[in-house]
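Student: Handing over final.cif, mmCIF, C-alpha atoms.
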data_query
#
loop_
_atom_site.label_atom_id
_atom_site.label_comp_id
_atom_site.auth_asym_id
_atom_site.auth_seq_id
_atom_site.Cartn_x
_atom_site.Cartn_y
_atom_site.Cartn_z
CA MET A 1 -14.92 26.84 8.84
CA TRP A 2 -16.18 26.58 5.27
CA GLU A 3 -12.61 26.74 3.91
CA GLN A 4 -11.79 23.56 5.80
CA GLN A 5 -14.92 21.91 4.44
CA VAL A 6 -13.99 22.85 0.86
CA ALA A 7 -10.43 21.59 1.35
CA PHE A 8 -11.71 18.37 2.89
CA TRP A 9 -14.10 17.60 0.05
CA ILE A 10 -11.58 18.38 -2.69
CA LEU A 11 -9.03 16.11 -0.98
CA ALA A 12 -11.59 13.40 -0.25
CA VAL A 13 -12.81 13.23 -3.86
CA GLY A 14 -9.24 13.19 -5.14
CA MET A 15 -8.28 10.43 -2.70
CA ALA A 16 -11.33 8.34 -3.59
CA VAL A 17 -10.65 8.60 -7.33
CA ALA A 18 -6.97 7.77 -6.83
CA ALA A 19 -7.78 4.85 -4.50
CA ILE A 20 -10.05 3.34 -7.16
CA GLY A 21 -7.20 3.95 -9.60
CA VAL A 22 -4.83 1.90 -7.39
CA VAL A 23 -7.12 -1.14 -7.46
CA ARG A 24 -8.54 -0.82 -10.98
CA THR A 25 -5.79 0.50 -13.28
CA LYS A 26 -4.38 -1.80 -15.94
CA ASN A 27 -0.88 -0.35 -15.65
CA ILE A 28 1.10 -1.28 -12.57
CA VAL A 29 3.25 1.88 -12.60
CA HIS A 30 0.09 4.00 -12.71
CA ALA A 31 -1.13 2.10 -9.64
CA ALA A 32 2.02 3.17 -7.75
CA LEU A 33 1.55 6.79 -8.87
CA SER A 34 -2.12 6.75 -7.82
CA LEU A 35 -0.96 5.44 -4.45
CA VAL A 36 1.23 8.55 -4.14
CA VAL A 37 -1.88 10.72 -4.63
CA VAL A 38 -3.79 8.81 -1.92
CA LEU A 39 -0.87 9.06 0.53
CA ALA A 40 -0.35 12.78 -0.13
CA GLY A 41 -4.09 13.34 0.30
CA ALA A 42 -3.97 11.52 3.63
CA ALA A 43 -1.05 13.75 4.71
CA ALA A 44 -3.12 16.81 3.79
CA GLN A 45 -6.03 15.46 5.83
CA TYR A 46 -3.70 15.12 8.82
CA ILE A 47 -2.74 18.78 8.41
CA LEU A 48 -6.45 19.66 8.30
CA LEU A 49 -6.76 17.82 11.62
CA ALA A 50 -3.77 19.80 13.01
CA ALA A 51 -1.47 16.77 13.20
CA GLU A 52 1.51 18.35 11.49
CA PHE A 53 4.23 15.99 12.73
CA VAL A 54 2.36 12.87 11.61
CA ALA A 55 1.65 14.55 8.27
CA TRP A 56 5.34 15.13 7.60
CA ALA A 57 6.24 11.66 8.85
CA GLN A 58 3.69 10.36 6.35
CA VAL A 59 5.28 12.35 3.51
CA LEU A 60 8.82 11.26 4.41
CA ILE A 61 8.17 7.58 5.14
CA TYR A 62 5.32 6.72 2.81
CA ILE A 63 5.88 8.92 -0.23
CA GLY A 64 9.63 9.04 0.24
CA ALA A 65 10.46 5.45 1.16
CA VAL A 66 7.54 3.05 0.74
CA VAL A 67 6.59 4.16 -2.77
CA ILE A 68 10.22 3.94 -3.90
CA LEU A 69 10.28 0.41 -2.46
CA PHE A 70 7.17 -0.41 -4.48
CA LEU A 71 8.77 0.93 -7.66
CA PHE A 72 11.82 -1.26 -6.92
CA GLY A 73 9.49 -4.22 -6.43
CA ILE A 74 7.79 -3.53 -9.79
CA MET A 75 11.18 -3.25 -11.45
CA LEU A 76 12.72 -6.36 -9.88
CA THR A 77 9.75 -8.61 -10.62
CA ARG A 78 9.85 -7.41 -14.23
CA ALA A 79 6.17 -6.52 -14.17
CA PRO A 80 4.75 -5.53 -17.54
CA MET A 81 4.98 -1.76 -17.82
CA ARG A 82 2.34 -1.73 -20.55
CA ASP A 83 -1.41 -2.01 -20.04
CA ASP A 84 -2.10 -5.63 -19.19
CA SER A 85 -5.37 -6.19 -17.34
CA SER A 86 -5.63 -9.96 -17.79
CA ARG A 87 -2.48 -10.63 -15.76
CA LEU A 88 -3.11 -8.10 -12.97
CA ASP A 89 -6.60 -9.17 -11.88
CA ASN A 90 -7.84 -12.64 -11.01
CA ASP A 91 -11.31 -13.94 -11.78
CA GLN A 92 -12.91 -13.35 -8.36
CA ARG A 93 -13.44 -9.67 -9.19
CA TRP A 94 -17.21 -9.61 -8.60
CA ALA A 95 -17.01 -11.51 -5.33
CA ALA A 96 -14.29 -9.09 -4.21
CA ALA A 97 -16.47 -6.10 -5.16
CA ALA A 98 -19.39 -7.58 -3.19
CA VAL A 99 -17.23 -8.13 -0.09
CA ALA A 100 -15.75 -4.62 -0.33
CA LEU A 101 -19.20 -3.04 -0.70
CA LEU A 102 -20.50 -5.07 2.23
CA VAL A 103 -17.61 -3.97 4.46
CA PHE A 104 -18.01 -0.34 3.39
CA GLY A 105 -21.76 -0.46 4.00
CA VAL A 106 -21.43 -2.01 7.45
CA LEU A 107 -18.67 0.42 8.47
CA VAL A 108 -20.64 3.48 7.30
CA ALA A 109 -23.81 2.28 9.04
CA LEU A 110 -21.92 1.68 12.30
CA VAL A 111 -20.05 4.98 12.13
CA VAL A 112 -23.16 7.03 11.37
CA ASP A 113 -25.05 5.25 14.13
CA ALA A 114 -22.29 5.74 16.72
CA PHE A 115 -20.91 9.20 15.88
CA GLY A 116 -23.62 10.89 13.79
CA GLY A 117 -23.68 14.66 14.30
CA GLN A 118 -20.59 14.83 16.54
CA GLU A 119 -18.32 17.76 15.74
CA ILE A 120 -14.54 18.04 15.97
CA ARG A 121 -13.87 21.30 17.84
CA PHE A 122 -10.95 23.22 16.39
CA GLY A 123 -8.91 25.82 18.21
CA ALA A 124 -5.54 26.76 19.65
CA GLU A 125 -5.69 23.77 22.01
CA LEU A 126 -5.92 21.31 19.11
CA VAL A 127 -3.05 23.00 17.24
CA ALA A 128 -0.86 22.84 20.38
CA GLN A 129 -1.63 19.14 20.68
CA GLY A 130 -0.30 18.42 17.18
CA ARG A 131 3.03 20.20 17.74
CA THR A 132 6.15 18.11 17.47
CA GLN A 133 7.06 18.98 21.05
CA ALA A 134 3.81 17.58 22.43
CA ILE A 135 4.16 14.37 20.43
CA GLY A 136 7.81 13.95 21.38
CA THR A 137 7.01 14.39 25.06
CA ASP A 138 4.23 11.82 24.88
CA LEU A 139 6.29 9.42 22.76
CA PHE A 140 9.27 9.37 25.09
CA ARG A 141 7.39 9.61 28.39
CA VAL A 142 4.30 7.43 28.05
CA PHE A 143 5.12 5.27 25.05
CA VAL A 144 8.85 4.74 25.49
CA VAL A 145 8.67 0.93 25.81
CA PRO A 146 6.52 0.47 22.67
CA PHE A 147 8.91 2.85 20.90
CA GLU A 148 11.89 0.62 21.73
CA VAL A 149 9.92 -2.47 20.73
CA VAL A 150 9.17 -0.84 17.36
CA SER A 151 12.85 -0.10 16.82
CA MET A 152 13.68 -3.78 17.52
CA LEU A 153 10.92 -4.78 15.10
CA LEU A 154 12.33 -2.50 12.39
CA LEU A 155 15.77 -4.06 12.90
CA ALA A 156 14.31 -7.57 12.70
CA ALA A 157 12.35 -6.67 9.55
CA LEU A 158 15.49 -5.20 7.98
CA VAL A 159 17.53 -8.34 8.68
CA GLY A 160 14.63 -10.54 7.60
CA ALA A 161 14.20 -8.72 4.29
CA VAL A 162 17.93 -9.01 3.56
CA VAL A 163 17.95 -12.73 4.42
CA LEU A 164 14.88 -13.40 2.28
CA ALA A 165 15.98 -11.44 -0.76
CA ARG A 166 19.62 -12.55 -0.77
CA LYS A 167 20.76 -14.63 -3.71
CA ASP A 168 22.58 -17.82 -2.78
CA MET B 1 -16.18 19.75 10.94
CA GLN B 2 -18.09 16.55 11.50
CA LEU B 3 -16.18 13.57 12.86
CA ASN B 4 -18.22 11.38 10.53
CA GLN B 5 -16.85 12.72 7.28
CA PHE B 6 -13.35 11.52 8.15
CA LEU B 7 -14.63 8.14 9.30
CA VAL B 8 -16.64 7.63 6.10
CA LEU B 9 -13.64 8.59 3.94
CA SER B 10 -11.55 6.10 5.89
CA ALA B 11 -14.24 3.40 5.49
CA PHE B 12 -14.19 4.01 1.74
CA LEU B 13 -10.40 3.64 1.57
CA PHE B 14 -10.63 0.46 3.65
CA GLY B 15 -13.26 -1.00 1.31
CA THR B 16 -11.15 -0.18 -1.74
CA GLY B 17 -8.16 -1.83 -0.08
CA ILE B 18 -10.18 -5.00 0.60
CA TYR B 19 -11.29 -5.08 -3.03
CA GLY B 20 -7.68 -4.71 -4.17
CA VAL B 21 -6.38 -7.47 -1.90
CA LEU B 22 -9.06 -9.89 -3.10
CA ALA B 23 -9.15 -9.01 -6.81
CA ARG B 24 -5.51 -8.37 -7.64
CA ARG B 25 -3.23 -11.17 -8.74
CA ASN B 26 0.14 -9.41 -8.78
CA GLY B 27 1.84 -9.53 -5.37
CA VAL B 28 3.09 -5.92 -5.51
CA LEU B 29 -0.45 -4.66 -6.18
CA VAL B 30 -1.79 -6.69 -3.24
CA LEU B 31 0.78 -4.97 -0.98
CA MET B 32 -0.30 -1.57 -2.34
CA SER B 33 -3.90 -2.37 -1.42
CA VAL B 34 -2.76 -3.32 2.10
CA GLU B 35 -1.17 0.15 2.30
CA LEU B 36 -4.55 1.68 1.42
CA MET B 37 -6.13 -0.15 4.36
CA LEU B 38 -3.35 0.93 6.75
CA ASN B 39 -3.86 4.53 5.67
CA ALA B 40 -7.58 4.25 6.33
CA VAL B 41 -6.77 3.17 9.88
CA ASN B 42 -4.35 6.08 10.28
CA ILE B 43 -6.98 8.61 9.21
CA ASN B 44 -9.31 7.13 11.84
CA LEU B 45 -6.64 7.38 14.53
CA ILE B 46 -5.84 11.03 13.73
CA ALA B 47 -9.53 11.97 13.53
CA PHE B 48 -10.24 10.43 16.94
CA SER B 49 -7.09 12.03 18.33
CA ALA B 50 -8.50 15.43 17.32
CA PHE B 51 -11.99 14.52 18.51
CA ASN B 52 -10.94 13.32 21.96
CA ARG B 53 -8.12 15.87 22.40
CA ASN B 54 -5.72 13.01 23.10
CA VAL B 55 -2.26 12.95 21.57
CA GLY B 56 -2.07 9.17 21.98
CA GLY B 57 -3.87 8.68 18.67
CA GLN B 58 -1.12 10.53 16.81
CA VAL B 59 1.60 8.50 18.53
CA PHE B 60 -0.24 5.34 17.57
CA ALA B 61 -0.47 6.54 13.96
CA LEU B 62 3.31 6.97 13.99
CA PHE B 63 3.70 3.36 15.18
CA VAL B 64 1.38 2.21 12.40
CA ILE B 65 3.50 4.10 9.84
CA ALA B 66 6.71 2.49 11.17
CA ILE B 67 5.22 -1.01 11.15
CA ALA B 68 3.80 -0.45 7.64
CA ALA B 69 7.31 0.39 6.42
CA ALA B 70 8.67 -2.84 7.98
CA GLU B 71 5.78 -4.82 6.51
CA VAL B 72 6.41 -3.49 3.00
CA GLY B 73 10.10 -4.37 3.25
CA VAL B 74 9.46 -7.98 4.28
CA GLY B 75 6.45 -8.30 1.95
CA LEU B 76 8.38 -7.17 -1.11
CA ALA B 77 11.23 -9.54 -0.19
CA ILE B 78 8.68 -12.40 -0.13
CA VAL B 79 7.19 -11.32 -3.49
CA LEU B 80 10.72 -11.19 -4.90
CA LEU B 81 11.36 -14.72 -3.62
CA ILE B 82 8.10 -15.95 -5.20
CA TYR B 83 9.15 -14.31 -8.45
CA ARG B 84 12.57 -15.94 -8.30
CA ASN B 85 11.21 -19.42 -7.61
CA LEU B 86 8.17 -19.42 -9.89
CA ARG B 87 9.28 -16.93 -12.59
CA SER B 88 6.12 -14.91 -11.96
CA PRO B 89 4.97 -12.41 -9.32
CA ASP B 90 1.39 -13.75 -9.53
CA LEU B 91 0.07 -15.06 -6.24
CA ASP B 92 -2.27 -17.48 -8.08
CA GLU B 93 0.78 -19.49 -9.07
CA VAL B 94 1.57 -20.26 -5.44
CA ASP B 95 -0.59 -23.41 -5.30
CA GLN B 96 1.78 -26.17 -4.21
CA LEU B 97 -0.58 -27.06 -1.36
CA LYS B 98 -3.39 -27.82 -3.82
CA GLY B 99 -4.18 -31.55 -3.90
#
Is it possible to give me this structure as structure tokens?
Tutor:
Amino acid sequence: MWEQQVAFWILAVGMAVAAIGVVRTKNIVHAALSLVVVLAGAAAQYILLAAEFVAWAQVLIYIGAVVILFLFGIMLTRAPMRDDSSRLDNDQRWAAAAVALLVFGVLVALVVDAFGGQEIRFGAELVAQGRTQAIGTDLFRVFVVPFEVVSMLLLAALVGAVVLARKD
Amino acid sequence: MQLNQFLVLSAFLFGTGIYGVLARRNGVLVLMSVELMLNAVNINLIAFSAFNRNVGGQVFALFVIAIAAAEVGVGLAIVLLIYRNLRSPDLDEVDQLKG
């Protein structure tokens, strides 16, 4: 059990540092690269929780597609690649920090109050639940209508993005 | 492992995402902060899926990932449009409704 704890804390600290990097760095490309660290850390946390299919979906879709899209966005909007803090942040920084701290504090208080001391039990049963077969069965038996709705939504988003970004 | 440690990590990511959405001016960076918040939600879903021994949480996390990809596509198209019309990706410049 202690190995999992060590892995969790290493990943958690790395993710926290990288998340602060995403919102505080002065270089927009570094923000995208810090985002990769957070997303990869989240994928590793999913593996710790025995959700292997979701972990690999996270790697493929987020790190593979979404981050590339962000880099395209940075490139196409001709964002300054050099350090340039005055243009990246607005002047409501302290109010934003206060709101973020408030939300974090309330969430932690609620979570500790509601789930303090509850353990996640690991075992063969949990590993079997995360297998691709189990997820596929559930996805196409119980959640087949939402699945089709999501595919329609992806199509609509695709067409919408093309229509919006087209030049004419 | 405690359920709490995952929930607190996710709360931290959510708070950082809120800070980024409120304090960043560049549209692409705002979208990145939204991704942080969506990931916080996903960690919660997977942790509760393991806690309750219910695979539904993982399926829901997959839906969130798919919708996040769609959202980034449309969001970046909008930021690109703002850039093309105003010559700047800064969301502060979008103030035509100001009296």
Student: Could you state the separation of CA of Thr16 (chain B) and CA of Glu3 (chain A) in Å, given to one decimal place?
Tutor: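 It comes out at 27.5 Å.
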Student: Residues near region 36-53 of chain B, anyone? I mean within 9 Å using all atoms listed in the file, not counting same-chain ones fewer than 3 positions away, as a PyMOL selection string.
Tutor: (chain A and resi 19+22+35+38-39+42+45-46+49-51+54+118-122+125-126+129-130) or (chain B and resi 3+6-7+9-18+31-33+56-58+60-62+64-65+68)
Student: Grab the CA of Val72 (chain B) to CA of Ile63 (chain A) distance for me, in Å with one decimal place.
Tutor: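 Straight-line distance from CA of Val72 (chain B) to CA of Ile63 (chain A) works out to 12.8 Å.
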Student: Report the residues retrieved by the PyMOL selection byres ((chain A and resi 103-109) around 7) from the displayed file, expressed as an mmCIF file with C-alpha atoms, in the coordinates of the input.
Tutor:
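Output file result_7.cif is given in full below:
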data_model
loop_
_atom_site.group_PDB
_atom_site.id
_atom_site.type_symbol
_atom_site.label_atom_id
_atom_site.label_comp_id
_atom_site.auth_asym_id
_atom_site.auth_seq_id
_atom_site.Cartn_x
_atom_site.Cartn_y
_atom_site.Cartn_z
ATOM 1 C CA VAL A 99 -17.230 -8.130 -0.090
ATOM 2 C CA ALA A 100 -15.750 -4.620 -0.330
ATOM 3 C CA LEU A 101 -19.200 -3.040 -0.700
ATOM 4 C CA LEU A 102 -20.500 -5.070 2.230
ATOM 5 C CA LEU A 110 -21.920 1.680 12.300
ATOM 6 C CA VAL A 111 -20.050 4.980 12.130
ATOM 7 C CA VAL A 112 -23.160 7.030 11.370
ATOM 8 C CA ASP A 113 -25.050 5.250 14.130
ATOM 9 C CA VAL B 8 -16.640 7.630 6.100
ATOM 10 C CA ALA B 11 -14.240 3.400 5.490
ATOM 11 C CA PHE B 12 -14.190 4.010 1.740
ATOM 12 C CA GLY B 15 -13.260 -1.000 1.310
#
Student: Given all atoms listed in the file, how would the per-residue table for region 27-141 of chain A near region 73-97 of chain B read, listing every residue at most 12 Å away with its closest atom pair and distance in Å to one decimal, sorted by chain and number, as CSV?
Tutor:
residue,atom,partner,partner_atom,distance
A:Ala65,CA,B:Gly73,CA,10.0
A:Val66,CA,B:Gly73,CA,8.2
A:Val67,CA,B:Gly73,CA,11.0
A:Ile68,CA,B:Gly73,CA,11.0
A:Leu69,CA,B:Gly73,CA,7.4
A:Phe70,CA,B:Leu76,CA,7.6
A:Leu71,CA,B:Leu76,CA,10.4
A:Phe72,CA,B:Leu76,CA,9.0
A:Gly73,CA,B:Leu76,CA,6.2
A:Ile74,CA,B:Pro89,CA,9.3
A:Met75,CA,B:Leu80,CA,10.3
A:Leu76,CA,B:Leu80,CA,7.2
A:Thr77,CA,B:Tyr83,CA,6.1
A:Arg78,CA,B:Pro89,CA,8.5
A:Ala79,CA,B:Pro89,CA,7.7
A:Pro80,CA,B:Pro89,CA,10.7
A:Ser86,CA,B:Asp90,CA,11.5
A:Arg87,CA,B:Asp90,CA,8.0
A:Leu88,CA,B:Asp90,CA,8.0
A:Asp89,CA,B:Asp90,CA,9.5
A:Asn90,CA,B:Asp92,CA,7.9
A:Asp91,CA,B:Asp92,CA,10.4
A:Gln92,CA,B:Asp92,CA,11.4
Student: Could you work out how far CA of Ala97 (chain A) lies from CA of Tyr19 (chain B), giving the answer in Å with one decimal?
Tutor: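 Atom-to-atom, CA of Tyr19 (chain B) and CA of Ala97 (chain A) are spaced 5.7 Å apart.
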